[in-house]
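Text of run.cif, listed as mmCIF, N, CA and C atoms:
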```cif
data_model
#
loop_
_atom_site.group_PDB
_atom_site.id
_atom_site.type_symbol
_atom_site.label_atom_id
_atom_site.label_comp_id
_atom_site.auth_asym_id
_atom_site.auth_seq_id
_atom_site.Cartn_x
_atom_site.Cartn_y
_atom_site.Cartn_z
ATOM 1 N N MET A 67 -9.651 11.629 11.422
ATOM 2 C CA MET A 67 -8.977 12.548 12.321
ATOM 3 C C MET A 67 -7.481 12.219 12.370
ATOM 4 N N VAL A 68 -6.656 13.212 12.253
ATOM 5 C CA VAL A 68 -5.207 13.042 12.294
ATOM 6 C C VAL A 68 -4.762 13.038 13.758
ATOM 7 N N ASN A 69 -3.973 12.041 14.123
ATOM 8 C CA ASN A 69 -3.493 11.905 15.493
ATOM 9 C C ASN A 69 -2.015 12.231 15.582
ATOM 10 N N THR A 70 -1.608 12.765 16.730
ATOM 11 C CA THR A 70 -0.187 12.972 17.007
ATOM 12 C C THR A 70 0.219 12.034 18.131
ATOM 13 N N HIS A 71 1.325 11.331 17.905
ATOM 14 C CA HIS A 71 1.876 10.408 18.888
ATOM 15 C C HIS A 71 3.215 10.973 19.346
ATOM 16 N N TYR A 72 3.450 10.919 20.645
ATOM 17 C CA TYR A 72 4.706 11.406 21.213
ATOM 18 C C TYR A 72 5.505 10.197 21.673
ATOM 19 N N ILE A 73 6.756 10.093 21.209
ATOM 20 C CA ILE A 73 7.522 8.867 21.329
ATOM 21 C C ILE A 73 8.956 9.164 21.766
ATOM 22 N N ILE A 74 9.490 8.302 22.645
ATOM 23 C CA ILE A 74 10.916 8.298 22.975
ATOM 24 C C ILE A 74 11.433 6.909 22.618
ATOM 25 N N ASN A 75 12.526 6.862 21.850
ATOM 26 C CA ASN A 75 13.074 5.549 21.505
ATOM 27 C C ASN A 75 14.122 5.125 22.522
ATOM 28 N N GLN A 76 14.671 3.946 22.319
ATOM 29 C CA GLN A 76 15.629 3.362 23.262
ATOM 30 C C GLN A 76 16.931 4.153 23.348
ATOM 31 N N ASN A 77 17.174 5.053 22.398
ATOM 32 C CA ASN A 77 18.384 5.881 22.393
ATOM 33 C C ASN A 77 18.114 7.292 22.905
ATOM 34 N N ASN A 78 16.945 7.494 23.517
ATOM 35 C CA ASN A 78 16.519 8.778 24.095
ATOM 36 C C ASN A 78 16.284 9.874 23.066
ATOM 37 N N HIS A 79 16.028 9.496 21.815
ATOM 38 C CA HIS A 79 15.589 10.473 20.826
ATOM 39 C C HIS A 79 14.076 10.558 20.919
ATOM 40 N N TYR A 80 13.544 11.742 20.721
ATOM 41 C CA TYR A 80 12.107 11.920 20.939
ATOM 42 C C TYR A 80 11.459 12.588 19.738
ATOM 43 N N PHE A 81 10.193 12.206 19.521
ATOM 44 C CA PHE A 81 9.502 12.500 18.275
ATOM 45 C C PHE A 81 8.049 12.888 18.516
ATOM 46 N N ALA A 82 7.532 13.712 17.612
ATOM 47 C CA ALA A 82 6.095 13.950 17.479
ATOM 48 C C ALA A 82 5.728 13.438 16.094
ATOM 49 N N VAL A 83 4.857 12.439 16.043
ATOM 50 C CA VAL A 83 4.496 11.773 14.790
ATOM 51 C C VAL A 83 3.024 12.051 14.520
ATOM 52 N N THR A 84 2.738 12.729 13.400
ATOM 53 C CA THR A 84 1.365 13.121 13.072
ATOM 54 C C THR A 84 0.946 12.519 11.748
ATOM 55 N N GLY A 85 -0.100 11.702 11.797
ATOM 56 C CA GLY A 85 -0.624 11.081 10.587
ATOM 57 C C GLY A 85 -1.689 10.059 10.905
ATOM 58 N N ASN A 86 -2.365 9.590 9.880
ATOM 59 C CA ASN A 86 -3.429 8.604 10.053
ATOM 60 C C ASN A 86 -2.927 7.173 10.046
ATOM 61 N N ASP A 87 -1.894 6.900 9.282
ATOM 62 C CA ASP A 87 -1.417 5.540 9.045
ATOM 63 C C ASP A 87 -0.277 5.211 10.001
ATOM 64 N N PHE A 88 -0.574 5.182 11.304
ATOM 65 C CA PHE A 88 0.467 4.937 12.292
ATOM 66 C C PHE A 88 -0.116 4.163 13.460
ATOM 67 N N ASP A 89 0.570 3.108 13.865
ATOM 68 C CA ASP A 89 0.163 2.287 15.005
ATOM 69 C C ASP A 89 1.387 2.102 15.900
ATOM 70 N N ALA A 90 1.381 2.747 17.049
ATOM 71 C CA ALA A 90 2.529 2.707 17.951
ATOM 72 C C ALA A 90 2.841 1.295 18.432
ATOM 73 N N ASP A 91 1.909 0.371 18.323
ATOM 74 C CA ASP A 91 2.165 -1.021 18.703
ATOM 75 C C ASP A 91 3.208 -1.677 17.806
ATOM 76 N N ASN A 92 3.509 -1.087 16.662
ATOM 77 C CA ASN A 92 4.510 -1.624 15.741
ATOM 78 C C ASN A 92 5.933 -1.167 16.069
ATOM 79 N N LEU A 93 6.093 -0.390 17.116
ATOM 80 C CA LEU A 93 7.417 0.065 17.541
ATOM 81 C C LEU A 93 8.011 -0.930 18.535
ATOM 82 N N THR A 94 9.331 -1.007 18.567
ATOM 83 C CA THR A 94 10.027 -1.893 19.497
ATOM 84 C C THR A 94 10.910 -1.056 20.410
ATOM 85 N N GLY A 95 10.780 -1.233 21.713
ATOM 86 C CA GLY A 95 11.652 -0.547 22.658
ATOM 87 C C GLY A 95 11.400 0.937 22.785
ATOM 88 N N CYS A 96 10.218 1.390 22.409
ATOM 89 C CA CYS A 96 9.882 2.817 22.476
ATOM 90 C C CYS A 96 8.814 3.059 23.537
ATOM 91 N N MET A 97 8.839 4.239 24.115
ATOM 92 C CA MET A 97 7.804 4.666 25.046
ATOM 93 C C MET A 97 6.900 5.646 24.307
ATOM 94 N N THR A 98 5.593 5.552 24.522
ATOM 95 C CA THR A 98 4.655 6.479 23.890
ATOM 96 C C THR A 98 3.915 7.268 24.962
ATOM 97 N N PHE A 99 3.494 8.479 24.594
ATOM 98 C CA PHE A 99 2.861 9.390 25.539
ATOM 99 C C PHE A 99 1.652 10.054 24.896
ATOM 100 N N GLN A 100 0.705 10.441 25.718
ATOM 101 C CA GLN A 100 -0.502 11.103 25.238
ATOM 102 C C GLN A 100 -0.267 12.575 24.911
ATOM 103 N N THR A 101 0.665 13.210 25.622
ATOM 104 C CA THR A 101 0.894 14.639 25.421
ATOM 105 C C THR A 101 2.384 14.936 25.263
ATOM 106 N N LYS A 102 2.660 16.065 24.670
ATOM 107 C CA LYS A 102 4.036 16.522 24.520
ATOM 108 C C LYS A 102 4.662 16.788 25.892
ATOM 109 N N GLY A 103 3.884 17.336 26.807
ATOM 110 C CA GLY A 103 4.382 17.608 28.157
ATOM 111 C C GLY A 103 4.825 16.348 28.882
ATOM 112 N N GLU A 104 4.047 15.270 28.745
ATOM 113 C CA GLU A 104 4.425 13.995 29.355
ATOM 114 C C GLU A 104 5.726 13.475 28.745
ATOM 115 N N MET A 105 5.838 13.606 27.431
ATOM 116 C CA MET A 105 7.055 13.163 26.763
ATOM 117 C C MET A 105 8.256 13.972 27.241
ATOM 118 N N TYR A 106 8.120 15.293 27.297
ATOM 119 C CA TYR A 106 9.215 16.137 27.755
ATOM 120 C C TYR A 106 9.645 15.760 29.170
ATOM 121 N N ALA A 107 8.677 15.523 30.059
ATOM 122 C CA ALA A 107 8.998 15.142 31.438
ATOM 123 C C ALA A 107 9.792 13.834 31.462
ATOM 124 N N ALA A 108 9.404 12.887 30.627
ATOM 125 C CA ALA A 108 10.119 11.611 30.568
ATOM 126 C C ALA A 108 11.524 11.791 29.994
ATOM 127 N N VAL A 109 11.665 12.627 28.971
ATOM 128 C CA VAL A 109 12.998 12.894 28.410
ATOM 129 C C VAL A 109 13.892 13.498 29.486
ATOM 130 N N CYS A 110 13.373 14.457 30.222
ATOM 131 C CA CYS A 110 14.158 15.090 31.292
ATOM 132 C C CYS A 110 14.570 14.064 32.340
ATOM 133 N N ALA A 111 13.638 13.196 32.738
ATOM 134 C CA ALA A 111 13.939 12.180 33.747
ATOM 135 C C ALA A 111 14.985 11.185 33.250
ATOM 136 N N ARG A 112 14.907 10.809 31.987
ATOM 137 C CA ARG A 112 15.827 9.811 31.426
ATOM 138 C C ARG A 112 17.215 10.374 31.149
ATOM 139 N N THR A 113 17.299 11.661 30.810
ATOM 140 C CA THR A 113 18.578 12.235 30.377
ATOM 141 C C THR A 113 19.231 13.154 31.404
ATOM 142 N N GLY A 114 18.467 13.614 32.387
ATOM 143 C CA GLY A 114 19.004 14.560 33.352
ATOM 144 C C GLY A 114 19.018 15.995 32.839
ATOM 145 N N LEU A 115 18.453 16.223 31.650
ATOM 146 C CA LEU A 115 18.371 17.577 31.100
ATOM 147 C C LEU A 115 17.170 18.302 31.701
ATOM 148 N N CYS A 116 17.205 19.634 31.685
ATOM 149 C CA CYS A 116 16.067 20.402 32.163
ATOM 150 C C CYS A 116 15.119 20.681 30.991
ATOM 151 N N LEU A 117 13.917 21.102 31.306
ATOM 152 C CA LEU A 117 12.887 21.313 30.290
ATOM 153 C C LEU A 117 13.340 22.281 29.203
ATOM 154 N N ASP A 118 14.044 23.343 29.571
ATOM 155 C CA ASP A 118 14.509 24.306 28.572
ATOM 156 C C ASP A 118 15.468 23.683 27.556
ATOM 157 N N GLU A 119 16.121 22.603 27.933
ATOM 158 C CA GLU A 119 17.071 21.946 27.037
ATOM 159 C C GLU A 119 16.410 20.952 26.087
ATOM 160 N N VAL A 120 15.167 20.541 26.386
ATOM 161 C CA VAL A 120 14.487 19.575 25.525
ATOM 162 C C VAL A 120 13.263 20.161 24.823
ATOM 163 N N ASN A 121 12.723 21.231 25.362
ATOM 164 C CA ASN A 121 11.507 21.832 24.820
ATOM 165 C C ASN A 121 11.696 22.270 23.374
ATOM 166 N N TRP A 122 10.852 21.756 22.482
ATOM 167 C CA TRP A 122 10.832 22.074 21.058
ATOM 168 C C TRP A 122 12.000 21.500 20.260
ATOM 169 N N PHE A 123 12.715 20.535 20.812
ATOM 170 C CA PHE A 123 13.815 19.914 20.070
ATOM 171 C C PHE A 123 13.474 18.507 19.581
ATOM 172 N N GLU A 124 12.208 18.124 19.660
ATOM 173 C CA GLU A 124 11.819 16.816 19.138
ATOM 174 C C GLU A 124 11.894 16.810 17.615
ATOM 175 N N ILE A 125 12.056 15.624 17.064
ATOM 176 C CA ILE A 125 11.988 15.436 15.619
ATOM 177 C C ILE A 125 10.514 15.250 15.270
ATOM 178 N N ILE A 126 10.055 15.995 14.295
ATOM 179 C CA ILE A 126 8.651 15.940 13.883
ATOM 180 C C ILE A 126 8.549 15.128 12.594
ATOM 181 N N LEU A 127 7.611 14.214 12.564
ATOM 182 C CA LEU A 127 7.345 13.426 11.357
ATOM 183 C C LEU A 127 5.878 13.599 11.008
ATOM 184 N N ILE A 128 5.632 14.014 9.770
ATOM 185 C CA ILE A 128 4.272 14.302 9.312
ATOM 186 C C ILE A 128 3.981 13.478 8.073
ATOM 187 N N GLN A 129 2.796 12.876 8.057
ATOM 188 C CA GLN A 129 2.385 12.075 6.908
ATOM 189 C C GLN A 129 1.658 12.944 5.899
ATOM 190 N N ASP A 130 2.067 12.851 4.645
ATOM 191 C CA ASP A 130 1.420 13.572 3.551
ATOM 192 C C ASP A 130 0.099 12.875 3.223
ATOM 193 N N ALA A 131 -0.991 13.590 3.270
ATOM 194 C CA ALA A 131 -2.316 13.010 3.034
ATOM 195 C C ALA A 131 -2.502 12.533 1.602
ATOM 196 N N ASP A 132 -1.749 13.095 0.664
ATOM 197 C CA ASP A 132 -1.907 12.727 -0.741
ATOM 198 C C ASP A 132 -1.188 11.433 -1.110
ATOM 199 N N ASN A 133 0.040 11.248 -0.612
ATOM 200 C CA ASN A 133 0.808 10.062 -1.010
ATOM 201 C C ASN A 133 1.138 9.125 0.154
ATOM 202 N N ASN A 134 0.715 9.481 1.368
ATOM 203 C CA ASN A 134 0.935 8.693 2.593
ATOM 204 C C ASN A 134 2.394 8.519 2.981
ATOM 205 N N LEU A 135 3.310 9.258 2.350
ATOM 206 C CA LEU A 135 4.710 9.198 2.746
ATOM 207 C C LEU A 135 4.954 10.143 3.923
ATOM 208 N N TRP A 136 5.980 9.829 4.689
ATOM 209 C CA TRP A 136 6.322 10.604 5.878
ATOM 210 C C TRP A 136 7.489 11.528 5.590
ATOM 211 N N THR A 137 7.426 12.734 6.139
ATOM 212 C CA THR A 137 8.489 13.721 6.009
ATOM 213 C C THR A 137 8.995 14.082 7.397
ATOM 214 N N GLU A 138 10.296 14.149 7.535
ATOM 215 C CA GLU A 138 10.930 14.536 8.795
ATOM 216 C C GLU A 138 11.191 16.037 8.783
ATOM 217 N N ILE A 139 10.857 16.684 9.892
ATOM 218 C CA ILE A 139 11.085 18.121 10.047
ATOM 219 C C ILE A 139 11.840 18.327 11.353
ATOM 220 N N ASP A 140 12.955 19.043 11.293
ATOM 221 C CA ASP A 140 13.715 19.258 12.524
ATOM 222 C C ASP A 140 13.153 20.452 13.298
ATOM 223 N N HIS A 141 13.745 20.745 14.453
ATOM 224 C CA HIS A 141 13.230 21.787 15.335
ATOM 225 C C HIS A 141 13.282 23.183 14.723
ATOM 226 N N SER A 142 14.064 23.369 13.661
ATOM 227 C CA SER A 142 14.122 24.680 13.012
ATOM 228 C C SER A 142 13.144 24.791 11.843
ATOM 229 N N GLY A 143 12.395 23.701 11.573
ATOM 230 C CA GLY A 143 11.403 23.719 10.508
ATOM 231 C C GLY A 143 11.906 23.240 9.167
ATOM 232 N N CYS A 144 13.130 22.748 9.116
ATOM 233 C CA CYS A 144 13.704 22.264 7.854
ATOM 234 C C CYS A 144 13.406 20.781 7.660
ATOM 235 N N THR A 145 13.065 20.412 6.430
ATOM 236 C CA THR A 145 12.884 18.999 6.130
ATOM 237 C C THR A 145 14.245 18.395 5.836
ATOM 238 N N SER A 146 14.418 17.165 6.287
ATOM 239 C CA SER A 146 15.722 16.540 6.104
ATOM 240 C C SER A 146 15.696 15.371 5.129
ATOM 241 N N LEU A 147 14.525 14.999 4.648
ATOM 242 C CA LEU A 147 14.415 13.940 3.648
ATOM 243 C C LEU A 147 13.718 14.496 2.428
ATOM 244 N N ASP A 148 14.260 14.261 1.262
ATOM 245 C CA ASP A 148 13.680 14.805 0.038
ATOM 246 C C ASP A 148 12.432 14.062 -0.408
ATOM 247 N N ASP A 149 12.471 12.731 -0.362
ATOM 248 C CA ASP A 149 11.394 11.944 -0.947
ATOM 249 C C ASP A 149 10.407 11.389 0.064
ATOM 250 N N GLY A 150 10.687 11.470 1.343
ATOM 251 C CA GLY A 150 9.832 10.867 2.350
ATOM 252 C C GLY A 150 10.033 9.370 2.393
ATOM 253 N N PHE A 151 9.329 8.696 3.306
ATOM 254 C CA PHE A 151 9.437 7.252 3.401
ATOM 255 C C PHE A 151 8.117 6.681 3.852
ATOM 256 N N ASP A 152 7.940 5.380 3.633
ATOM 257 C CA ASP A 152 6.648 4.763 3.929
ATOM 258 C C ASP A 152 6.546 4.403 5.417
ATOM 259 N N THR A 153 5.383 3.905 5.811
ATOM 260 C CA THR A 153 5.121 3.650 7.225
ATOM 261 C C THR A 153 5.995 2.542 7.783
ATOM 262 N N VAL A 154 6.274 1.504 7.024
ATOM 263 C CA VAL A 154 7.140 0.426 7.496
ATOM 264 C C VAL A 154 8.541 0.969 7.766
ATOM 265 N N GLN A 155 9.049 1.803 6.882
ATOM 266 C CA GLN A 155 10.352 2.428 7.097
ATOM 267 C C GLN A 155 10.324 3.340 8.321
ATOM 268 N N LEU A 156 9.202 4.002 8.538
ATOM 269 C CA LEU A 156 9.058 4.893 9.691
ATOM 270 C C LEU A 156 9.217 4.124 10.996
ATOM 271 N N TYR A 157 8.574 2.964 11.126
ATOM 272 C CA TYR A 157 8.690 2.171 12.343
ATOM 273 C C TYR A 157 10.143 1.809 12.621
ATOM 274 N N SER A 158 10.861 1.393 11.613
ATOM 275 C CA SER A 158 12.266 1.043 11.769
ATOM 276 C C SER A 158 13.094 2.262 12.164
ATOM 277 N N TYR A 159 12.838 3.376 11.507
ATOM 278 C CA TYR A 159 13.553 4.624 11.795
ATOM 279 C C TYR A 159 13.354 5.041 13.249
ATOM 280 N N LEU A 160 12.099 5.084 13.700
ATOM 281 C CA LEU A 160 11.805 5.515 15.062
ATOM 282 C C LEU A 160 12.444 4.586 16.094
ATOM 283 N N THR A 161 12.408 3.311 15.831
ATOM 284 C CA THR A 161 12.940 2.326 16.765
ATOM 285 C C THR A 161 14.458 2.378 16.836
ATOM 286 N N ASN A 162 15.123 2.584 15.712
ATOM 287 C CA ASN A 162 16.573 2.380 15.645
ATOM 288 C C ASN A 162 17.435 3.612 15.551
ATOM 289 N N ILE A 163 16.887 4.781 15.260
ATOM 290 C CA ILE A 163 17.732 5.947 15.016
ATOM 291 C C ILE A 163 18.608 6.255 16.229
ATOM 292 N N ARG A 164 19.847 6.532 15.915
ATOM 293 C CA ARG A 164 20.826 6.961 16.922
ATOM 294 C C ARG A 164 21.602 8.095 16.277
ATOM 295 N N LEU A 165 21.453 9.288 16.816
ATOM 296 C CA LEU A 165 22.139 10.454 16.251
ATOM 297 C C LEU A 165 23.470 10.693 16.918
#
```
Kindly return the structure encoded in the file as structure tokens.
Amino acid sequence: MVNTHYIINQNNHYFAVTGNDFDADNLTGCMTFQTKGEMYAAVCARTGLCLDEVNWFEIILIQDADNNLWTEIDHSGCTSLDDGFDTVQLYSYLTNIRL
């Protein structure tokens, strides 16, 4: 079964991560949530933004079932990485990204 994890990192960037090869315990300084709604509420509380300003603006990361690499998709549906990256790189990315 493919799971989706909802995550906010220490820089207030927020993500929906969908794949089999992911363990949120490998993240540092990140908050995880069971639902997108819980994540949105936390983003609003942490940033002072309203729901309309955060709704659907998370970064989406999806794991390819064939090669296990991760692809980033922005809120407009565009992929931003050509080759994808492995799970170890994903943990570092989620923990450290600052846009």
For this session: Rounded to one decimal place, report the CA of His141 (chain A)-atom C of Phe123 (chain A) distance in Å.
Result: 5.4 Å
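Proximity of A:Leu165, A:Val154, A:Ile73, A:Val68 to Asp130 (chain A), computed with only C-alpha atoms, is greatest for A:Val68.
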Problem set entry | Explicit residues for the PyMOL selection byres ((chain A and resi 74-76) around 5) (as a ChimeraX atom specification) | /A:72-73,77-80,95-97
How would the residues just picked look written out with N, CA and C atoms as a compact mmCIF listing (two decimals), in the coordinates of the input?
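In the end it all went to again.txt:
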```txt
# COMPACT_ATOMS: atom_id res chain seq x y z
N TYR A 72 3.45 10.92 20.64
CA TYR A 72 4.71 11.41 21.21
C TYR A 72 5.50 10.20 21.67
N ILE A 73 6.76 10.09 21.21
CA ILE A 73 7.52 8.87 21.33
C ILE A 73 8.96 9.16 21.77
N ASN A 77 17.17 5.05 22.40
CA ASN A 77 18.38 5.88 22.39
C ASN A 77 18.11 7.29 22.90
N ASN A 78 16.94 7.49 23.52
CA ASN A 78 16.52 8.78 24.10
C ASN A 78 16.28 9.87 23.07
N HIS A 79 16.03 9.50 21.82
CA HIS A 79 15.59 10.47 20.83
C HIS A 79 14.08 10.56 20.92
N TYR A 80 13.54 11.74 20.72
CA TYR A 80 12.11 11.92 20.94
C TYR A 80 11.46 12.59 19.74
N GLY A 95 10.78 -1.23 21.71
CA GLY A 95 11.65 -0.55 22.66
C GLY A 95 11.40 0.94 22.78
N CYS A 96 10.22 1.39 22.41
CA CYS A 96 9.88 2.82 22.48
C CYS A 96 8.81 3.06 23.54
N MET A 97 8.84 4.24 24.12
CA MET A 97 7.80 4.67 25.05
C MET A 97 6.90 5.65 24.31
```
Translate the PyMOL selection byres (((chain A and resi 83 and name CA) around 6) and name CA), as applied to the file shown, into an explicit residue set as a JSON list (two decimals) with N, CA and C atoms, in the coordinates of the input.
```json
[["chain", "number", "residue", "atom", "x", "y", "z"],
["A", 70, "THR", "N", -1.61, 12.76, 16.73],
["A", 70, "THR", "CA", -0.19, 12.97, 17.01],
["A", 70, "THR", "C", 0.22, 12.03, 18.13],
["A", 71, "HIS", "N", 1.32, 11.33, 17.90],
["A", 71, "HIS", "CA", 1.88, 10.41, 18.89],
["A", 71, "HIS", "C", 3.22, 10.97, 19.35],
["A", 82, "ALA", "N", 7.53, 13.71, 17.61],
["A", 82, "ALA", "CA", 6.10, 13.95, 17.48],
["A", 82, "ALA", "C", 5.73, 13.44, 16.09],
["A", 84, "THR", "N", 2.74, 12.73, 13.40],
["A", 84, "THR", "CA", 1.36, 13.12, 13.07],
["A", 84, "THR", "C", 0.95, 12.52, 11.75],
["A", 126, "ILE", "N", 10.06, 16.00, 14.30],
["A", 126, "ILE", "CA", 8.65, 15.94, 13.88],
["A", 126, "ILE", "C", 8.55, 15.13, 12.59],
["A", 127, "LEU", "N", 7.61, 14.21, 12.56],
["A", 127, "LEU", "CA", 7.34, 13.43, 11.36],
["A", 127, "LEU", "C", 5.88, 13.60, 11.01]]
```
Exercise. For the atom pair atom C of Glu104 (chain A) and atom C of Leu160 (chain A), what is the interatomic distance in Å to one decimal place?
Worked result: 16.9 Å
Exercise. Do you have the atom C of Phe151 (chain A)-atom C of Trp122 (chain A) distance handy?
Worked result: 22.4 Å
Exercise. Per DSSP on the backbone, what are the alpha helix (DSSP H) residues of region 69-138 of chain A, as a PyMOL selection string?
Worked result: chain A and resi 102-113+117-120
For this session: Step by step: start from the point (7.6, 7.3, 4.7) in the file's coordinates, keep every protein, DNA or RNA residue that has an atom no farther than 6.5 Å from it, count all atoms listed in the file, and write the set as a PyMOL selection string.
Result: chain A and resi 134-137+150-156
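When the PyMOL selection byres ((chain A and resi 140) around 7) is evaluated against the file, it yields Phe123, Glu124, Ile125, Ile126, Glu138, Ile139, His141, Ser142, Gly143, Cys144, Thr145 and Ser146 of chain A.
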For this session: Kindly indicate which residue among A:Gln129, A:Met105, A:Asn92, A:Asp118 lies nearest to Asn69 (chain A), using only C-alpha atoms for the distances.
Result: A:Gln129
Where is the centre and how long are the edges: axis-aligned box on region 109-127 of chain A, 4 Å on each side, Å to one decimal, as JSON:
```
{"center_x": 12.6, "center_y": 17.1, "center_z": 22.4, "size_x": 21.4, "size_y": 22.5, "size_z": 30.7}
```
Can you put N, CA, C and O atoms back into region 98-116 of chain A and show it as a short mmCIF file (atom, residue, chain, number, x, y, z; two decimals), keeping the file's coordinate frame?
```
data_model
loop_
_atom_site.label_atom_id
_atom_site.label_comp_id
_atom_site.auth_asym_id
_atom_site.auth_seq_id
_atom_site.Cartn_x
_atom_site.Cartn_y
_atom_site.Cartn_z
N THR A 98 5.59 5.55 24.52
CA THR A 98 4.66 6.48 23.89
C THR A 98 3.92 7.27 24.96
O THR A 98 3.72 6.78 26.08
N PHE A 99 3.49 8.48 24.59
CA PHE A 99 2.86 9.39 25.54
C PHE A 99 1.65 10.05 24.90
O PHE A 99 1.61 10.24 23.68
N GLN A 100 0.70 10.44 25.72
CA GLN A 100 -0.50 11.10 25.24
C GLN A 100 -0.27 12.58 24.91
O GLN A 100 -0.93 13.12 24.03
N THR A 101 0.66 13.21 25.62
CA THR A 101 0.89 14.64 25.42
C THR A 101 2.38 14.94 25.26
O THR A 101 3.25 14.16 25.70
N LYS A 102 2.66 16.07 24.67
CA LYS A 102 4.04 16.52 24.52
C LYS A 102 4.66 16.79 25.89
O LYS A 102 5.82 16.47 26.12
N GLY A 103 3.88 17.34 26.81
CA GLY A 103 4.38 17.61 28.16
C GLY A 103 4.82 16.35 28.88
O GLY A 103 5.86 16.34 29.56
N GLU A 104 4.05 15.27 28.74
CA GLU A 104 4.42 14.00 29.36
C GLU A 104 5.73 13.48 28.74
O GLU A 104 6.59 12.95 29.45
N MET A 105 5.84 13.61 27.43
CA MET A 105 7.06 13.16 26.76
C MET A 105 8.26 13.97 27.24
O MET A 105 9.31 13.41 27.57
N TYR A 106 8.12 15.29 27.30
CA TYR A 106 9.22 16.14 27.76
C TYR A 106 9.64 15.76 29.17
O TYR A 106 10.84 15.70 29.48
N ALA A 107 8.68 15.52 30.06
CA ALA A 107 9.00 15.14 31.44
C ALA A 107 9.79 13.83 31.46
O ALA A 107 10.77 13.71 32.22
N ALA A 108 9.40 12.89 30.63
CA ALA A 108 10.12 11.61 30.57
C ALA A 108 11.52 11.79 29.99
O ALA A 108 12.48 11.16 30.47
N VAL A 109 11.66 12.63 28.97
CA VAL A 109 13.00 12.89 28.41
C VAL A 109 13.89 13.50 29.49
O VAL A 109 15.04 13.08 29.66
N CYS A 110 13.37 14.46 30.22
CA CYS A 110 14.16 15.09 31.29
C CYS A 110 14.57 14.06 32.34
O CYS A 110 15.73 14.05 32.79
N ALA A 111 13.64 13.20 32.74
CA ALA A 111 13.94 12.18 33.75
C ALA A 111 14.98 11.18 33.25
O ALA A 111 15.87 10.77 34.00
N ARG A 112 14.91 10.81 31.99
CA ARG A 112 15.83 9.81 31.43
C ARG A 112 17.22 10.37 31.15
O ARG A 112 18.20 9.64 31.19
N THR A 113 17.30 11.66 30.81
CA THR A 113 18.58 12.24 30.38
C THR A 113 19.23 13.15 31.40
O THR A 113 20.41 13.48 31.27
N GLY A 114 18.47 13.61 32.39
CA GLY A 114 19.00 14.56 33.35
C GLY A 114 19.02 16.00 32.84
O GLY A 114 19.53 16.89 33.50
N LEU A 115 18.45 16.22 31.65
CA LEU A 115 18.37 17.58 31.10
C LEU A 115 17.17 18.30 31.70
O LEU A 115 16.22 17.68 32.16
N CYS A 116 17.20 19.63 31.68
CA CYS A 116 16.07 20.40 32.16
C CYS A 116 15.12 20.68 30.99
O CYS A 116 15.48 20.52 29.82
#
```
